[in-house]
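Colleague: Can you keep this structure in mind? I'll have questions shortly.
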Amino acid sequence: MLVELHVENFAVVERLRVRFHPGLNLLTGETGSGKSIVVDSLGLLFGGRASAEVVRTGTERARVSGVFVAPPDPAFRALLEEAGIALEDEELIVEREVTATGKSRALLANRPATATLLKSLAPWLGDIHGQNEQQRLHSPESQRQMLDTFAENGALTAEVGELFGAWRACARELEEIDRAEQEQLRLADLWSFQRREIEEVDPRVGEDSELEGEKRVLQNVTRLAEHAGAAYQALYEAPDSAVAQARAAAKRVQELVRIDPSLGEVAELLRPAVISLEEAGLTLRDYVGKLHADPGRLDEVETRLAAIDRLRRKYGATIEEILEFLTVLRTKMQTVAEAGERRAAIEARREKLGREYAAAAGRLTRARKTAAGRLEKRVEQELAALAMAGTRFQVAFAAAGWSAEGVDAVRFLVSANVGEEPRELDKVASGGEVSRIALAIKTCIESERPGAAQHLLVFDEVDAGIGGEAAESVGRRLKALSRSNQVLCVTHQANIAAFADHHYRVEKQQSNGRTVAVMTELTGEERTREIGRMLSGQRLTPEALRHAAQLIEAGAAS
């Protein structure tokens with residue numbers, strides 16, 4: 001809903017600030033007074049094309065800003081969140097600035113935005129039905145959405161959308177499997193070779209350190225035997241060996257103990273020392289006995305170390321890393337082996353979802369066609385009351401590819417003349433006629449969903465070419481729409497203006513030698529006089545005032 005509109009240096013508007021209200025807001029004024037500037041300003045806020053022509057002569061830039069009550073729709077909130085826009089007090093300020101050179105910039109909640117983002121948000125902020133703003137009504141997608149709203153297909157369209165999303169997810173997963181499988185098949189031979197190479201060596205954690213130690217021993221057998229033998233002689237075998245010396249010393253200390261028991265502690269210390277020396281000597285003797293040159297074993301060790309070193313150069317700096325790489329290879333090979341089974345399972349699920357989608361889309365098509373028949377009759381009845389009697393309205397269906405919206409392409413067709421085939425709206429209807437068609441469709445849709453959230457509907461020149469009872473019918477329908485929507489309408493008809501909940505007059509005035517457009521909210525006597533002017537022209541008569549009062553009273557009672 002639009003709360004407030006600010007316009008500065010836009011066309012003939014120097015500075016304008018106006019608050020709008022829920023219900024039916026009517027704008028009236030003399031032809032050329034600037035009434036449609038309000039509609040054009042909103043079009044700019046909704047992402048319309050900016051042009052230097054709108055900048056007031058002699059000024060550098062035009063500014064338009066609107067304060068909207070943000071709709072609660074999750075999709076709208078998601079768009080704002082994606083753009084990094086935060087709401088304050090559930091209100092959204094939309095601003096647009098156009099320079100005299102034709103450049104423009106947009107702001108959302110005081111943050112820079114693009115015109116494309118404004119255009120994306122526009123369907124939630126309001127619909128403009130005017131001479132130059134009929135894109136939404138001409139859009140096949142919007143026409144389908146209107147039909148679904150009329151048919152109350154919300155639950156069914158959601159089901160179709162969910163099934164399509166799941167079906168497409170399966171398709172994407174299969175595509176990903178195909179891409180991965182092609183790449184994996186190209187690499188499978190390499191993976192197989194790498195796995196075989198590691199498994200043939202079959203390295204063991206810590207094995208390289210053990211082999212390096214064994215290699216050092218085998219390379220130094222002679223030197224080890226020489227030093228170990230000498231050590232054995234010095235410890236055990238020689239007449240003056242350490243063991244012999246220790247035994248002799250222990251024997252003498254034992255003699256001393258028999259004389260002086262206080263040396264018993266020394267005797268106790270020597271006893272394990274002698275044992276340790278004996279064990280060390282015997283261990284060296286056994287070590288020397290085992291030492292022997294084995295060129296064959298040295299070759300085996302060196303060959304094994306070379307094989308492990310090759311693996312380290314290719315697959316990891318350590319045996320642990322090599323074994324981790326082997327685990328990855330085995331997983332990849334297992335994935336290749338299981339790809340066929342996974343594909344079959346996904347294909348089966350996709351086929352099942354496809355059948356469910358086709359069934360749901362079929363139900364949606366039938367629901368749309370049933371509702372289309374009702375909508376055609378209702379719209380034609382409404383158009384007859386809007387001075388378009390004899391107009392044929394048709395909802396045409398064509399097969400479309402599978403999508404989240406079903407399998408239907410929907411187009412609204414109109415024949416305004418008897419004997420003419422119905423054709424697309426932009427080919428057979430004038431701007432005023434399209435506005436009335438939009439009004440008729442909106443009236444039919446809103447009658448099917450009482451209590452819906454307030455939405456801004458803007459109608460410009462909806463009364464073009466009509467008067468009398470037809471104008472009154474337009475007024476009644478606008479009034480009906482305003483019970484569940486905020487309606488803003490530019491009109492020249494007193495019969496329509498009388499239904500206003502809030503009435504605004506737009507007029508041109510002279511200020512400092514320049515023409516400016518001003519907008520005033522009318523109440524009481526001012527409103528009666530304005531409607532009287534619309535009835536009688538420049539010369540306001542008592543009869544016109546009485547008639548105006550009667551119209552206002554009748555409009556308030558409706």
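The chains in the structure tokens are called A, B, ... from first to last as shown; in each chain the residues are counted from 1, and the ligands are counted from 1 in the order shown.
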Using only C-alpha atoms, which residues sit within 8 Å of A:Asn495 once same-chain residues fewer than 5 positions away are excluded, as a list in words?

Modeller: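 Contacts, in chain order: Gly467, Gly468, Ala471, Glu472, Gly475 and Leu551 of chain A.
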
Colleague: Could you dump the residues just selected with N, CA, C and O atoms as an mmCIF file, in the first residue's frame?

Modeller:
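Result file follows (again32.cif):
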data_model
loop_
_atom_site.group_PDB
_atom_site.id
_atom_site.type_symbol
_atom_site.label_atom_id
_atom_site.label_comp_id
_atom_site.auth_asym_id
_atom_site.auth_seq_id
_atom_site.Cartn_x
_atom_site.Cartn_y
_atom_site.Cartn_z
ATOM 1 N N GLY A 467 -19.507 7.441 -20.213
ATOM 2 C CA GLY A 467 -20.206 8.410 -19.383
ATOM 3 C C GLY A 467 -21.484 7.800 -18.857
ATOM 4 O O GLY A 467 -21.787 6.624 -19.106
ATOM 5 N N GLY A 468 -22.260 8.581 -18.133
ATOM 6 C CA GLY A 468 -23.558 8.123 -17.669
ATOM 7 C C GLY A 468 -23.504 6.869 -16.834
ATOM 8 O O GLY A 468 -22.710 6.745 -15.898
ATOM 9 N N ALA A 471 -20.148 5.039 -16.648
ATOM 10 C CA ALA A 471 -19.214 5.645 -15.701
ATOM 11 C C ALA A 471 -19.585 5.275 -14.272
ATOM 12 O O ALA A 471 -18.718 4.994 -13.432
ATOM 13 N N GLU A 472 -20.869 5.249 -13.982
ATOM 14 C CA GLU A 472 -21.304 4.863 -12.644
ATOM 15 C C GLU A 472 -20.926 3.411 -12.348
ATOM 16 O O GLU A 472 -20.510 3.078 -11.232
ATOM 17 N N GLY A 475 -17.381 3.312 -11.433
ATOM 18 C CA GLY A 475 -17.236 3.781 -10.067
ATOM 19 C C GLY A 475 -17.575 2.717 -9.049
ATOM 20 O O GLY A 475 -16.880 2.551 -8.043
ATOM 21 N N LEU A 551 -24.855 12.918 -5.744
ATOM 22 C CA LEU A 551 -23.917 11.873 -6.182
ATOM 23 C C LEU A 551 -23.017 11.422 -5.029
ATOM 24 O O LEU A 551 -22.774 10.231 -4.839
#

Colleague: Can you list, as a PyMOL selection string, every protein, DNA or RNA residue that comes within 12 Å of A:Asp286 when you count only C-alpha atoms, leaving out same-chain residues fewer than 3 positions away?

Modeller: chain A and resi 225+228-229+232+279-283+289-291

Colleague: Would you mind writing down, as a ChimeraX atom specification, each residue of stretch 53-252 of chain A that DSSP on the backbone assigns to helix (DSSP H, G or I)?

Modeller: /A:53-54,74-82,115-125,135-138,140-151,154-201,207-219,221-237,242-252

Colleague: Point out the residue among A:Leu44, A:Ala497, A:Leu457, A:Leu121 with the least atom-to-atom distance to A:Arg483, counting only C-alpha atoms.

Modeller: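 Among the listed residues, the smallest separation from A:Arg483 belongs to A:Leu457.
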
Colleague: Excluding A:Ala100 and residues on its chain fewer than 6 positions from it, collect all residues at most 9 Å away from it, counting only C-alpha atoms, and give them as a ChimeraX atom specification.

Modeller: /A:51-62

Colleague: Atoms to include: all heavy atoms. Write the selected residues as a PDB file, in the first residue's frame.

Modeller:
ATOM      1  N   SER A  51      13.854   9.261 -18.292  1.00  0.00           N
ATOM      2  CA  SER A  51      14.152  10.128 -19.422  1.00  0.00           C
ATOM      3  C   SER A  51      14.400  11.546 -18.936  1.00  0.00           C
ATOM      4  O   SER A  51      13.740  12.024 -18.000  1.00  0.00           O
ATOM      5  CB  SER A  51      13.000  10.118 -20.433  1.00  0.00           C
ATOM      6  OG  SER A  51      13.164  11.131 -21.409  1.00  0.00           O
ATOM      7  N   ALA A  52      15.344  12.233 -19.575  1.00  0.00           N
ATOM      8  CA  ALA A  52      15.632  13.622 -19.210  1.00  0.00           C
ATOM      9  C   ALA A  52      14.430  14.521 -19.448  1.00  0.00           C
ATOM     10  O   ALA A  52      14.337  15.609 -18.864  1.00  0.00           O
ATOM     11  CB  ALA A  52      16.833  14.124 -20.003  1.00  0.00           C
ATOM     12  N   GLU A  53      13.476  14.094 -20.269  1.00  0.00           N
ATOM     13  CA  GLU A  53      12.306  14.915 -20.581  1.00  0.00           C
ATOM     14  C   GLU A  53      11.427  15.171 -19.361  1.00  0.00           C
ATOM     15  O   GLU A  53      10.643  16.131 -19.348  1.00  0.00           O
ATOM     16  CB  GLU A  53      11.478  14.240 -21.677  1.00  0.00           C
ATOM     17  CG  GLU A  53      12.230  14.120 -23.000  1.00  0.00           C
ATOM     18  CD  GLU A  53      11.427  13.351 -24.033  1.00  0.00           C
ATOM     19  OE1 GLU A  53      10.319  12.893 -23.683  1.00  0.00           O
ATOM     20  OE2 GLU A  53      11.907  13.195 -25.164  1.00  0.00           O
ATOM     21  N   VAL A  54      11.537  14.311 -18.330  1.00  0.00           N
ATOM     22  CA  VAL A  54      10.680  14.510 -17.157  1.00  0.00           C
ATOM     23  C   VAL A  54      11.242  15.561 -16.212  1.00  0.00           C
ATOM     24  O   VAL A  54      10.561  15.990 -15.281  1.00  0.00           O
ATOM     25  CB  VAL A  54      10.474  13.178 -16.389  1.00  0.00           C
ATOM     26  CG1 VAL A  54       9.900  12.115 -17.290  1.00  0.00           C
ATOM     27  CG2 VAL A  54      11.775  12.691 -15.745  1.00  0.00           C
ATOM     28  N   VAL A  55      12.497  15.970 -16.407  1.00  0.00           N
ATOM     29  CA  VAL A  55      13.127  16.935 -15.507  1.00  0.00           C
ATOM     30  C   VAL A  55      12.586  18.331 -15.817  1.00  0.00           C
ATOM     31  O   VAL A  55      12.595  18.781 -16.965  1.00  0.00           O
ATOM     32  CB  VAL A  55      14.657  16.907 -15.650  1.00  0.00           C
ATOM     33  CG1 VAL A  55      15.300  17.903 -14.689  1.00  0.00           C
ATOM     34  CG2 VAL A  55      15.187  15.499 -15.390  1.00  0.00           C
ATOM     35  N   ARG A  56      12.120  18.982 -14.788  1.00  0.00           N
ATOM     36  CA  ARG A  56      11.541  20.320 -14.943  1.00  0.00           C
ATOM     37  C   ARG A  56      12.576  21.282 -15.539  1.00  0.00           C
ATOM     38  O   ARG A  56      13.743  21.297 -15.121  1.00  0.00           O
ATOM     39  CB  ARG A  56      11.058  20.814 -13.586  1.00  0.00           C
ATOM     40  CG  ARG A  56      10.386  22.185 -13.592  1.00  0.00           C
ATOM     41  CD  ARG A  56       9.782  22.431 -12.216  1.00  0.00           C
ATOM     42  NE  ARG A  56       9.366  23.816 -12.017  1.00  0.00           N
ATOM     43  CZ  ARG A  56       8.230  24.324 -12.477  1.00  0.00           C
ATOM     44  NH1 ARG A  56       7.404  23.551 -13.163  1.00  0.00           N
ATOM     45  NH2 ARG A  56       7.917  25.586 -12.240  1.00  0.00           N
ATOM     46  N   THR A  57      12.163  22.061 -16.504  1.00  0.00           N
ATOM     47  CA  THR A  57      13.055  22.997 -17.177  1.00  0.00           C
ATOM     48  C   THR A  57      13.741  23.915 -16.174  1.00  0.00           C
ATOM     49  O   THR A  57      13.094  24.473 -15.278  1.00  0.00           O
ATOM     50  CB  THR A  57      12.273  23.847 -18.203  1.00  0.00           C
ATOM     51  OG1 THR A  57      11.628  22.970 -19.122  1.00  0.00           O
ATOM     52  CG2 THR A  57      13.201  24.795 -18.943  1.00  0.00           C
ATOM     53  N   GLY A  58      15.072  24.052 -16.342  1.00  0.00           N
ATOM     54  CA  GLY A  58      15.829  24.950 -15.472  1.00  0.00           C
ATOM     55  C   GLY A  58      16.337  24.301 -14.203  1.00  0.00           C
ATOM     56  O   GLY A  58      16.992  24.979 -13.401  1.00  0.00           O
ATOM     57  N   THR A  59      16.042  23.016 -13.991  1.00  0.00           N
ATOM     58  CA  THR A  59      16.524  22.327 -12.792  1.00  0.00           C
ATOM     59  C   THR A  59      17.510  21.230 -13.192  1.00  0.00           C
ATOM     60  O   THR A  59      17.537  20.782 -14.340  1.00  0.00           O
ATOM     61  CB  THR A  59      15.375  21.705 -11.982  1.00  0.00           C
ATOM     62  OG1 THR A  59      14.711  20.716 -12.797  1.00  0.00           O
ATOM     63  CG2 THR A  59      14.372  22.770 -11.571  1.00  0.00           C
ATOM     64  N   GLU A  60      18.297  20.794 -12.231  1.00  0.00           N
ATOM     65  CA  GLU A  60      19.337  19.805 -12.523  1.00  0.00           C
ATOM     66  C   GLU A  60      18.823  18.379 -12.464  1.00  0.00           C
ATOM     67  O   GLU A  60      19.342  17.499 -13.137  1.00  0.00           O
ATOM     68  CB  GLU A  60      20.503  19.966 -11.540  1.00  0.00           C
ATOM     69  CG  GLU A  60      21.237  21.289 -11.672  1.00  0.00           C
ATOM     70  CD  GLU A  60      22.399  21.364 -10.704  1.00  0.00           C
ATOM     71  OE1 GLU A  60      22.555  20.428  -9.888  1.00  0.00           O
ATOM     72  OE2 GLU A  60      23.157  22.353 -10.756  1.00  0.00           O
ATOM     73  N   ARG A  61      17.810  18.143 -11.663  1.00  0.00           N
ATOM     74  CA  ARG A  61      17.356  16.759 -11.476  1.00  0.00           C
ATOM     75  C   ARG A  61      15.916  16.723 -10.965  1.00  0.00           C
ATOM     76  O   ARG A  61      15.442  17.679 -10.348  1.00  0.00           O
ATOM     77  CB  ARG A  61      18.279  16.015 -10.503  1.00  0.00           C
ATOM     78  CG  ARG A  61      18.258  16.513  -9.079  1.00  0.00           C
ATOM     79  CD  ARG A  61      19.451  15.982  -8.278  1.00  0.00           C
ATOM     80  NE  ARG A  61      20.697  16.614  -8.682  1.00  0.00           N
ATOM     81  CZ  ARG A  61      21.734  15.962  -9.186  1.00  0.00           C
ATOM     82  NH1 ARG A  61      21.672  14.647  -9.340  1.00  0.00           N
ATOM     83  NH2 ARG A  61      22.841  16.600  -9.518  1.00  0.00           N
ATOM     84  N   ALA A  62      15.267  15.596 -11.265  1.00  0.00           N
ATOM     85  CA  ALA A  62      13.924  15.332 -10.744  1.00  0.00           C
ATOM     86  C   ALA A  62      14.027  14.201  -9.732  1.00  0.00           C
ATOM     87  O   ALA A  62      14.815  13.267  -9.901  1.00  0.00           O
ATOM     88  CB  ALA A  62      12.981  14.944 -11.878  1.00  0.00           C
TER      89      ALA A  62
END

Colleague: I'd like the contact shell of A:Ile496 - 12 Å cut-off, only C-alpha atoms, skipping same-chain residues fewer than 3 positions apart - returned as an mmCIF file with N, CA, C and O atoms, in the first residue's frame.

Modeller:
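This is the output file part21.cif:
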data_model
loop_
_atom_site.group_PDB
_atom_site.id
_atom_site.type_symbol
_atom_site.label_atom_id
_atom_site.label_comp_id
_atom_site.auth_asym_id
_atom_site.auth_seq_id
_atom_site.Cartn_x
_atom_site.Cartn_y
_atom_site.Cartn_z
ATOM 1 N N LEU A 24 -10.551 3.922 -1.745
ATOM 2 C CA LEU A 24 -10.583 4.477 -3.099
ATOM 3 C C LEU A 24 -10.091 5.922 -3.083
ATOM 4 O O LEU A 24 -10.741 6.810 -2.529
ATOM 5 N N ASN A 25 -8.933 6.165 -3.709
ATOM 6 C CA ASN A 25 -8.346 7.494 -3.821
ATOM 7 C C ASN A 25 -8.545 7.983 -5.253
ATOM 8 O O ASN A 25 -8.000 7.387 -6.198
ATOM 9 N N LEU A 26 -9.316 9.071 -5.439
ATOM 10 C CA LEU A 26 -9.634 9.590 -6.771
ATOM 11 C C LEU A 26 -8.894 10.894 -7.031
ATOM 12 O O LEU A 26 -8.858 11.774 -6.161
ATOM 13 N N LEU A 27 -8.320 11.020 -8.231
ATOM 14 C CA LEU A 27 -7.659 12.243 -8.655
ATOM 15 C C LEU A 27 -8.463 12.862 -9.790
ATOM 16 O O LEU A 27 -8.747 12.190 -10.790
ATOM 17 N N THR A 28 -8.825 14.136 -9.617
ATOM 18 C CA THR A 28 -9.572 14.831 -10.659
ATOM 19 C C THR A 28 -8.892 16.151 -10.967
ATOM 20 O O THR A 28 -8.006 16.602 -10.239
ATOM 21 N N LEU A 386 -19.463 -1.835 -18.464
ATOM 22 C CA LEU A 386 -18.458 -0.776 -18.591
ATOM 23 C C LEU A 386 -18.443 -0.202 -20.004
ATOM 24 O O LEU A 386 -17.400 0.234 -20.495
ATOM 25 N N GLU A 461 -7.180 6.937 -16.769
ATOM 26 C CA GLU A 461 -8.042 7.064 -17.950
ATOM 27 C C GLU A 461 -8.953 5.845 -18.127
ATOM 28 O O GLU A 461 -9.282 5.453 -19.249
ATOM 29 N N VAL A 462 -9.347 5.216 -17.013
ATOM 30 C CA VAL A 462 -10.223 4.059 -17.109
ATOM 31 C C VAL A 462 -11.596 4.443 -17.648
ATOM 32 O O VAL A 462 -12.364 3.596 -18.121
ATOM 33 N N ASP A 463 -11.919 5.755 -17.600
ATOM 34 C CA ASP A 463 -13.235 6.220 -18.039
ATOM 35 C C ASP A 463 -13.214 6.807 -19.446
ATOM 36 O O ASP A 463 -14.169 7.468 -19.864
ATOM 37 N N ALA A 464 -12.119 6.594 -20.173
ATOM 38 C CA ALA A 464 -12.006 7.181 -21.515
ATOM 39 C C ALA A 464 -13.139 6.698 -22.411
ATOM 40 O O ALA A 464 -13.375 5.496 -22.561
ATOM 41 N N ILE A 466 -16.434 6.970 -22.060
ATOM 42 C CA ILE A 466 -17.688 6.502 -21.461
ATOM 43 C C ILE A 466 -18.307 7.633 -20.644
ATOM 44 O O ILE A 466 -17.676 8.658 -20.373
ATOM 45 N N GLY A 467 -19.507 7.441 -20.213
ATOM 46 C CA GLY A 467 -20.206 8.410 -19.383
ATOM 47 C C GLY A 467 -21.484 7.800 -18.857
ATOM 48 O O GLY A 467 -21.787 6.624 -19.106
ATOM 49 N N GLY A 468 -22.260 8.581 -18.133
ATOM 50 C CA GLY A 468 -23.558 8.123 -17.669
ATOM 51 C C GLY A 468 -23.504 6.869 -16.834
ATOM 52 O O GLY A 468 -22.710 6.745 -15.898
ATOM 53 N N GLU A 469 -24.375 5.910 -17.188
ATOM 54 C CA GLU A 469 -24.478 4.669 -16.417
ATOM 55 C C GLU A 469 -23.184 3.872 -16.464
ATOM 56 O O GLU A 469 -22.817 3.221 -15.480
ATOM 57 N N ALA A 470 -22.504 3.891 -17.631
ATOM 58 C CA ALA A 470 -21.241 3.153 -17.739
ATOM 59 C C ALA A 470 -20.216 3.700 -16.756
ATOM 60 O O ALA A 470 -19.493 2.945 -16.092
ATOM 61 N N ALA A 471 -20.148 5.039 -16.648
ATOM 62 C CA ALA A 471 -19.214 5.645 -15.701
ATOM 63 C C ALA A 471 -19.585 5.275 -14.272
ATOM 64 O O ALA A 471 -18.718 4.994 -13.432
ATOM 65 N N GLU A 472 -20.869 5.249 -13.982
ATOM 66 C CA GLU A 472 -21.304 4.863 -12.644
ATOM 67 C C GLU A 472 -20.926 3.411 -12.348
ATOM 68 O O GLU A 472 -20.510 3.078 -11.232
ATOM 69 N N SER A 473 -21.052 2.551 -13.367
ATOM 70 C CA SER A 473 -20.664 1.146 -13.191
ATOM 71 C C SER A 473 -19.173 1.039 -12.888
ATOM 72 O O SER A 473 -18.747 0.236 -12.045
ATOM 73 N N VAL A 474 -18.350 1.850 -13.614
ATOM 74 C CA VAL A 474 -16.914 1.864 -13.328
ATOM 75 C C VAL A 474 -16.682 2.279 -11.880
ATOM 76 O O VAL A 474 -15.888 1.667 -11.152
ATOM 77 N N GLY A 475 -17.381 3.312 -11.433
ATOM 78 C CA GLY A 475 -17.236 3.781 -10.067
ATOM 79 C C GLY A 475 -17.575 2.717 -9.049
ATOM 80 O O GLY A 475 -16.880 2.551 -8.043
ATOM 81 N N ARG A 476 -18.684 2.006 -9.297
ATOM 82 C CA ARG A 476 -19.093 0.953 -8.362
ATOM 83 C C ARG A 476 -18.049 -0.154 -8.288
ATOM 84 O O ARG A 476 -17.780 -0.697 -7.213
ATOM 85 N N ARG A 477 -17.464 -0.499 -9.424
ATOM 86 C CA ARG A 477 -16.462 -1.558 -9.436
ATOM 87 C C ARG A 477 -15.163 -1.117 -8.766
ATOM 88 O O ARG A 477 -14.513 -1.890 -8.067
ATOM 89 N N LEU A 478 -14.792 0.128 -8.984
ATOM 90 C CA LEU A 478 -13.624 0.651 -8.277
ATOM 91 C C LEU A 478 -13.867 0.652 -6.771
ATOM 92 O O LEU A 478 -12.977 0.314 -5.977
ATOM 93 N N LYS A 479 -15.076 1.020 -6.382
ATOM 94 C CA LYS A 479 -15.428 1.033 -4.963
ATOM 95 C C LYS A 479 -15.359 -0.385 -4.386
ATOM 96 O O LYS A 479 -14.835 -0.592 -3.278
ATOM 97 N N CYS A 489 -7.118 6.198 -8.687
ATOM 98 C CA CYS A 489 -7.694 6.311 -10.028
ATOM 99 C C CYS A 489 -7.726 7.769 -10.463
ATOM 100 O O CYS A 489 -8.140 8.649 -9.714
ATOM 101 N N VAL A 490 -7.276 7.996 -11.691
ATOM 102 C CA VAL A 490 -7.407 9.306 -12.334
ATOM 103 C C VAL A 490 -8.688 9.284 -13.159
ATOM 104 O O VAL A 490 -8.893 8.371 -13.977
ATOM 105 N N THR A 491 -9.573 10.270 -12.963
ATOM 106 C CA THR A 491 -10.851 10.248 -13.677
ATOM 107 C C THR A 491 -11.286 11.657 -14.069
ATOM 108 O O THR A 491 -10.910 12.652 -13.443
ATOM 109 N N HIS A 492 -12.078 11.705 -15.139
ATOM 110 C CA HIS A 492 -12.722 12.951 -15.569
ATOM 111 C C HIS A 492 -14.224 12.916 -15.273
ATOM 112 O O HIS A 492 -14.932 13.881 -15.568
ATOM 113 N N GLN A 493 -14.716 11.794 -14.735
ATOM 114 C CA GLN A 493 -16.144 11.581 -14.597
ATOM 115 C C GLN A 493 -16.614 11.856 -13.161
ATOM 116 O O GLN A 493 -16.118 11.274 -12.198
ATOM 117 N N PHE A 499 -17.715 8.294 -5.840
ATOM 118 C CA PHE A 499 -17.523 7.086 -5.034
ATOM 119 C C PHE A 499 -16.254 7.155 -4.176
ATOM 120 O O PHE A 499 -15.965 6.231 -3.425
ATOM 121 N N ALA A 500 -15.484 8.229 -4.295
ATOM 122 C CA ALA A 500 -14.179 8.305 -3.630
ATOM 123 C C ALA A 500 -14.302 8.234 -2.118
ATOM 124 O O ALA A 500 -15.209 8.819 -1.518
ATOM 125 N N ASP A 501 -13.356 7.502 -1.516
ATOM 126 C CA ASP A 501 -13.166 7.597 -0.071
ATOM 127 C C ASP A 501 -12.291 8.802 0.251
ATOM 128 O O ASP A 501 -12.426 9.415 1.309
ATOM 129 N N HIS A 503 -10.585 12.186 -1.977
ATOM 130 C CA HIS A 503 -10.672 12.897 -3.254
ATOM 131 C C HIS A 503 -9.550 13.945 -3.315
ATOM 132 O O HIS A 503 -9.381 14.748 -2.388
ATOM 133 N N ILE A 531 -16.848 18.306 -7.744
ATOM 134 C CA ILE A 531 -17.715 17.416 -8.523
ATOM 135 C C ILE A 531 -18.746 18.238 -9.283
ATOM 136 O O ILE A 531 -19.106 17.920 -10.429
ATOM 137 N N MET A 534 -17.085 19.392 -12.355
ATOM 138 C CA MET A 534 -16.985 18.313 -13.331
ATOM 139 C C MET A 534 -18.316 18.120 -14.059
ATOM 140 O O MET A 534 -18.344 17.695 -15.223
ATOM 141 N N LEU A 535 -19.421 18.424 -13.383
ATOM 142 C CA LEU A 535 -20.740 18.259 -14.001
ATOM 143 C C LEU A 535 -21.090 19.422 -14.933
ATOM 144 O O LEU A 535 -21.664 19.229 -16.003
ATOM 145 N N ALA A 548 -24.208 17.314 -7.448
ATOM 146 C CA ALA A 548 -22.950 16.805 -6.887
ATOM 147 C C ALA A 548 -23.173 16.248 -5.486
ATOM 148 O O ALA A 548 -22.664 15.171 -5.136
ATOM 149 N N LEU A 551 -24.855 12.918 -5.744
ATOM 150 C CA LEU A 551 -23.917 11.873 -6.182
ATOM 151 C C LEU A 551 -23.017 11.422 -5.029
ATOM 152 O O LEU A 551 -22.774 10.231 -4.839
ATOM 153 N N ILE A 552 -22.520 12.377 -4.260
ATOM 154 C CA ILE A 552 -21.640 12.035 -3.134
ATOM 155 C C ILE A 552 -22.402 11.216 -2.100
ATOM 156 O O ILE A 552 -21.887 10.225 -1.560
ATOM 157 N N ALA A 554 -24.996 9.303 -2.651
ATOM 158 C CA ALA A 554 -25.244 7.963 -3.212
ATOM 159 C C ALA A 554 -23.962 7.130 -3.197
ATOM 160 O O ALA A 554 -23.982 5.921 -2.910
ATOM 161 N N GLY A 555 -22.837 7.779 -3.506
ATOM 162 C CA GLY A 555 -21.565 7.051 -3.501
ATOM 163 C C GLY A 555 -21.184 6.577 -2.118
ATOM 164 O O GLY A 555 -20.672 5.469 -1.937
ATOM 165 N N ALA A 556 -21.445 7.406 -1.107
ATOM 166 C CA ALA A 556 -21.122 7.026 0.269
ATOM 167 C C ALA A 556 -21.985 5.876 0.742
ATOM 168 O O ALA A 556 -21.568 5.060 1.575
#

Colleague: Hey, which of A:Ala549, A:Met333, A:Arg505, A:Ser558 ends up closest to A:Arg196? Count only C-alpha atoms.

Modeller: A:Met333

Colleague: Extract, using only C-alpha atoms, all DNA, RNA and protein residues at most 9 Å from A:Gly43, discarding same-chain residues fewer than 5 positions from it, and format them as a PyMOL selection string.

Modeller: chain A and resi 38+48-49+128+133

Colleague: Take the residues just selected and output them with C-alpha atoms as a JSON list (two decimals), in the first residue's frame.

Modeller:
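And here is the file that came out, out-v3.json:
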[["chain", "number", "residue", "atom", "x", "y", "z"],
["A", 38, "VAL", "CA", 1.23, 10.93, -10.26],
["A", 48, "GLY", "CA", 10.08, 2.36, -15.52],
["A", 49, "ARG", "CA", 12.39, 3.92, -18.08],
["A", 128, "ILE", "CA", -0.55, 0.31, -12.87],
["A", 133, "GLU", "CA", 1.53, 1.02, -18.31]]

Colleague: Got a sec: who's within 7 Å of stretch 146-153 of chain A, counting only C-alpha atoms, leaving out chain neighbours fewer than 6 positions off, as number ranges by chain?

Modeller: A: 368, 371-372, 445, 448

Colleague: Report as a ChimeraX atom specification all protein, DNA and RNA residues lying within 10 Å of A:Asp309, evaluated on only C-alpha atoms, omitting residues in the same chain fewer than 5 positions from it.

Modeller: /A:208,303-304,314-319

Colleague: Considering only C-alpha atoms, state which residue in the set A:Tyr236, A:Ala70, A:Arg258, A:Ser241 is at the smallest distance from A:Glu278.

Modeller: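 Smallest distance to A:Glu278 is found for A:Tyr236.
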
Colleague: List every residue of stretch 32-201 of chain A that DSSP, applied to the backbone of this structure, places in strand (DSSP E), and write the result as a PyMOL selection string.

Modeller: chain A and resi 61-69+91-99+104-108+111-113+126-129

Colleague: Quick one: pull the distance between atom CA of A:Leu256 and atom CA of A:Ala242, Å, one decimal.

Modeller: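 About the pair atom CA of A:Leu256 and atom CA of A:Ala242: they are 20.9 Å apart.
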
Colleague: How many Å separate atom CA of A:Thr391 from atom CA of A:Val414?

Modeller: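 Interatomic distance, atom CA of A:Thr391 to atom CA of A:Val414: 7.0 Å.
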
Colleague: Using only C-alpha atoms, find the one residue out of A:Ala385, A:Ala244, A:Val301, A:Ala267 that sits nearest to A:Arg216.

Modeller: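 Smallest distance to A:Arg216 is found for A:Val301.
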
Colleague: Report the distance between atom CA of A:Glu95 and atom CA of A:Glu82 in Å, rounded to one decimal place.

Modeller: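 According to the coordinates, atom CA of A:Glu95 and atom CA of A:Glu82 are separated by 18.8 Å.
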
Colleague: Looking at only C-alpha atoms, which of A:Leu79, A:Leu163, A:Ala517, A:Ala113 is the one that sits closest to A:Ser403?

Modeller: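 For A:Ser403, the nearest of the given residues is A:Leu163.
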
Colleague: Would you tabulate, counting only C-alpha atoms, all residues of stretch 172-219 of chain A that have an atom at most 12 Å from an atom of stretch 347-360 of chain A, showing the closest pair of atoms and their distance in Å to one decimal, sorted by chain then ascending number, as CSV?

Modeller:
residue,atom,partner,partner_atom,distance
A:Arg172,CA,A:Arg350,CA,10.5
A:Glu173,CA,A:Glu347,CA,9.7
A:Leu174,CA,A:Glu347,CA,7.7
A:Glu175,CA,A:Glu347,CA,11.1
A:Ile177,CA,A:Glu347,CA,11.3
